[in-house]
Structures are given as C-alpha cells and as structure tokens.
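S.K.: If you scroll down you'll find the structure; I have some questions about it.
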Amino acid sequence: MKALAATVAFCLVASVAFGQSPELQPGERLEKLQFPAATMELKGWTKLGNGRVYTLPVKAGQHVKISFATKSKFAFLSIFDLATPDEEAIFGTDEDGTSYTVTVKDNTTWLLRPYYSKASPRRGLGAPYSILVEPQATAPQPTAPAEQQSPSPLFPSRQ
C-alpha cells in the first residue's frame with residue numbers, strides 16, 4: 001500500500017514539475033512543437049475523432065501571432081493555457097476572430113486545438129485548416145512625451 005501511495009505521489013510531483021499534459025479527446029493525437037524562429041505553418045484536417053492537437057511552449061516576453069484559416073464555417077481553433085487550472089480557452093476563433101496577437105506574460109505551454117463543431121448542422125466529418133505561428137518583432141516601447149522645456153533665457157517667450 002505504501003508503494004502505491006509513493007508511486008501516486010511521485011506521479012503527481014512529476015506532472016507538476018514537467019508541466020501539465022493536456023487531456024485529449026478520443027482519437028486525438030498530440031504533436032509537440034517548439035517555438036519557431038520564423039513563421040511555421042501547420043496544415044491538417046479536423047476529422048471528427050481523428051484529429052491533431054498541438055502543444056506550443058512560449059516564454060515571457062515573446063511576441064506571437066497565431067492565425068487560423070479554413071474554408072469551412074464549422075471549423076474553429078481554440079487555444080488553452082495549460083498552466084491555468086480552469087478549462088477556459090484564452091482564445092477561440094468562434095468568438096474572437098481568426099488571429100491572436102499577444103505578448104506572452106509568463107512562461108507556459110499552450111494547447112492549440114482545431115476542431116469541427118458538433119453543434120452546427122453540416123455535411124461531412126471534417127474540414128481542412130491551416131495554422132500560422134508567427135513570431136513577431138519586439139514591439140517598440142512607447143516613448144515618454146518630451147518634458148515641458150522651460151523657455152530659453154536667450155529667447156524669451158512672447159507675451
């Protein structure tokens with residue numbers, strides 16, 4: 001019994017130490033990505049019950065744009081932050097548009113899940129899609145407005 005408890009405790013500690021692994025839907029396959037140095041394109045099919053999901057590690061301070069394209073009006077992309085305990089998507093193309101541009105605040109891993117809506121009337125079992133992961137250049141820091149300069153003693157202000 002002690003061996004079983006020790007094994008369970010080790011698994012819990014290991015899952016926290018190595019990051020949370022996503023729960024996959026039946027038939028999904030996980031593809032682990034690395035943050036790209038240049039634009040990376042992922043192509044696939046939202047085949048119901050046999051699709052791909054992707055994990056993407058991101059670091060604090062990285063600027064990234066993720067775009068989703070499909071010809072189907074029933075295919076969508078959801079992005080989840082695996083470091084958060086809730087199961088709420090941080091971005092979804094069904095509500096937020098087709099692209100997500102962000103400066104990452106904390107080191108984390110995202111789960112990119114393309115899916116075919118089960119709730120919509122449709123034909124077929126899936127649709128082709130394309131996901132672009134584009135690292136962005138560092139956003140320029142806004143400059144502080146020039147301080148109010150006092151009038152030069154050589155050129156007094158007009159009154």
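All residue names refer to the structure tokens as shown: chains lettered A, B, ... in order, residues numbered from 1 in each chain, ligands numbered from 1 in order.
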Might you pull out every residue within 6 Å of Val133 (chain A), with only C-alpha atoms counted and same-chain residues fewer than 4 positions away left off, and present them as number ranges by chain?
M.R.: A: 39-40, 66
S.K.: Store the residues picked out above, limited to all heavy atoms, as an mmCIF file, in the first residue's frame.
M.R.:
data_model
loop_
_atom_site.group_PDB
_atom_site.id
_atom_site.type_symbol
_atom_site.label_atom_id
_atom_site.label_comp_id
_atom_site.auth_asym_id
_atom_site.auth_seq_id
_atom_site.Cartn_x
_atom_site.Cartn_y
_atom_site.Cartn_z
ATOM 1 N N THR A 39 8.212 32.005 -39.371
ATOM 2 C CA THR A 39 6.821 31.566 -39.494
ATOM 3 C C THR A 39 6.739 30.055 -39.722
ATOM 4 O O THR A 39 7.467 29.504 -40.541
ATOM 5 C CB THR A 39 6.128 32.309 -40.649
ATOM 6 O OG1 THR A 39 6.161 33.703 -40.369
ATOM 7 C CG2 THR A 39 4.691 31.862 -40.813
ATOM 8 N N MET A 40 5.861 29.417 -38.976
ATOM 9 C CA MET A 40 5.638 27.980 -39.089
ATOM 10 C C MET A 40 4.179 27.766 -39.498
ATOM 11 O O MET A 40 3.280 28.371 -38.915
ATOM 12 C CB MET A 40 5.907 27.309 -37.746
ATOM 13 C CG MET A 40 5.541 25.847 -37.687
ATOM 14 S SD MET A 40 6.015 25.002 -36.159
ATOM 15 C CE MET A 40 5.342 26.032 -34.891
ATOM 16 N N ILE A 66 -0.901 34.080 -33.945
ATOM 17 C CA ILE A 66 -1.388 32.784 -34.411
ATOM 18 C C ILE A 66 -2.634 33.038 -35.246
ATOM 19 O O ILE A 66 -3.576 33.675 -34.781
ATOM 20 C CB ILE A 66 -1.690 31.842 -33.226
ATOM 21 C CG1 ILE A 66 -0.399 31.579 -32.456
ATOM 22 C CG2 ILE A 66 -2.324 30.550 -33.722
ATOM 23 C CD1 ILE A 66 -0.561 30.706 -31.258
#
S.K.: Using DSSP assignments from the backbone, pull out every residue in region 19-69 of chain A that falls under strand (DSSP E) and give it to me as number ranges by chain.
M.R.: A: 29-32, 40-45, 52-58, 63-69
S.K.: Could you state the separation of CA of Thr70 (chain A) and CA of Leu82 (chain A) in Å, given to one decimal place?
M.R.: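 CA of Thr70 (chain A) sits 25.0 Å away from CA of Leu82 (chain A).
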S.K.: Near Tyr115 (chain A), counting only C-alpha atoms, which residues have an atom at most 6 Å away, once you skip same-chain residues fewer than 4 positions from it, shown as a PDB file with N, CA and C atoms, in the first residue's frame?
M.R.:
ATOM      1  N   THR A  46      -9.725  18.581 -39.651  1.00  0.00           N
ATOM      2  CA  THR A  46     -10.468  18.468 -38.395  1.00  0.00           C
ATOM      3  C   THR A  46     -11.360  17.242 -38.409  1.00  0.00           C
ATOM      4  N   ALA A  75     -15.419  24.883 -38.837  1.00  0.00           N
ATOM      5  CA  ALA A  75     -14.134  24.523 -38.233  1.00  0.00           C
ATOM      6  C   ALA A  75     -13.602  25.725 -37.453  1.00  0.00           C
ATOM      7  N   PHE A  76     -13.043  25.453 -36.274  1.00  0.00           N
ATOM      8  CA  PHE A  76     -12.566  26.513 -35.387  1.00  0.00           C
ATOM      9  C   PHE A  76     -11.259  26.098 -34.727  1.00  0.00           C
TER      10      PHE A  76
END
S.K.: Rank A:Leu132, A:Leu125, A:Ile90, A:Ala60 by their smallest atom-to-atom distance to Leu111 (chain A), using only C-alpha atoms, and report the top residue only.
M.R.: A:Ile90
S.K.: Do you know which residues are at most 9 Å from Gly97 (chain A) counting only C-alpha atoms, after dropping those on the same chain fewer than 5 positions away, and could you put them as an MDAnalysis selection string?
M.R.: chainID A and resid 68 91:92
S.K.: Kindly export the residues of the current selection with N, CA, C and O atoms, as a compact mmCIF listing (two decimals), in the first residue's frame.
M.R.:
# COMPACT_ATOMS: atom_id res chain seq x y z
N PHE A 68 -5.60 31.38 -37.96
CA PHE A 68 -6.30 30.16 -38.35
C PHE A 68 -7.06 30.43 -39.63
O PHE A 68 -7.75 31.45 -39.75
N PHE A 91 -8.28 31.92 -26.16
CA PHE A 91 -8.63 32.45 -27.48
C PHE A 91 -9.43 31.40 -28.22
O PHE A 91 -9.14 30.21 -28.14
N GLY A 92 -10.43 31.85 -28.96
CA GLY A 92 -11.23 30.95 -29.79
C GLY A 92 -11.68 31.66 -31.04
O GLY A 92 -12.20 32.78 -30.96
S.K.: Nearest to Thr101 (chain A) among A:His63, A:Tyr129, A:Ala119, A:Glu87, with distances taken over only C-alpha atoms: which residue is it?
M.R.: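 Of A:His63, A:Tyr129, A:Ala119, A:Glu87, the one nearest Thr101 (chain A) is A:His63, counting only C-alpha atoms.
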S.K.: Run DSSP on the backbone and give me the residues of region 16-98 of chain A it puts in alpha helix (DSSP H), as a list of chain:residue names.
M.R.: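 So, restricting region 16-98 of chain A to alpha helix (DSSP H), we get A:Val16, A:Ala17, A:Thr93, A:Asp94, A:Glu95, A:Asp96.
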S.K.: Using only C-alpha atoms, find each residue of region 96-131 of chain A with at least one atom at most 9 Å away from an atom of region 47-59 of chain A; report its shortest atom-to-atom pair and that distance in Å (one decimal), sort the rows by chain and rising residue number, and return the result as a tab-separated table.
M.R.:
residue	atom	partner	partner_atom	distance
A:Val104	CA	A:Lys59	CA	6.5
A:Lys105	CA	A:Lys59	CA	7.7
A:Asp106	CA	A:Lys59	CA	6.2
A:Asn107	CA	A:Lys59	CA	4.2
A:Thr108	CA	A:Val58	CA	5.6
A:Thr109	CA	A:Pro57	CA	4.1
A:Trp110	CA	A:Leu56	CA	5.1
A:Leu111	CA	A:Thr55	CA	4.6
A:Leu112	CA	A:Tyr54	CA	5.0
A:Arg113	CA	A:Val53	CA	4.9
A:Pro114	CA	A:Val53	CA	6.7
A:Tyr115	CA	A:Leu48	CA	7.7
A:Tyr116	CA	A:Leu48	CA	6.7
A:Lys118	CA	A:Leu48	CA	8.7
A:Leu125	CA	A:Leu48	CA	5.6
A:Gly126	CA	A:Lys47	CA	4.3
A:Ala127	CA	A:Lys47	CA	6.8
A:Pro128	CA	A:Lys47	CA	8.5
S.K.: For CA of Ser117 (chain A) and CA of Gln34 (chain A), determine how far apart the two atoms are, in Å to one decimal place.
M.R.: 27.6 Å
S.K.: Could you tell me how far CA of Val64 (chain A) sits from CA of Ser130 (chain A), in Å to one decimal place?
M.R.: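 Atom-to-atom, CA of Ser130 (chain A) and CA of Val64 (chain A) are spaced 16.3 Å apart.
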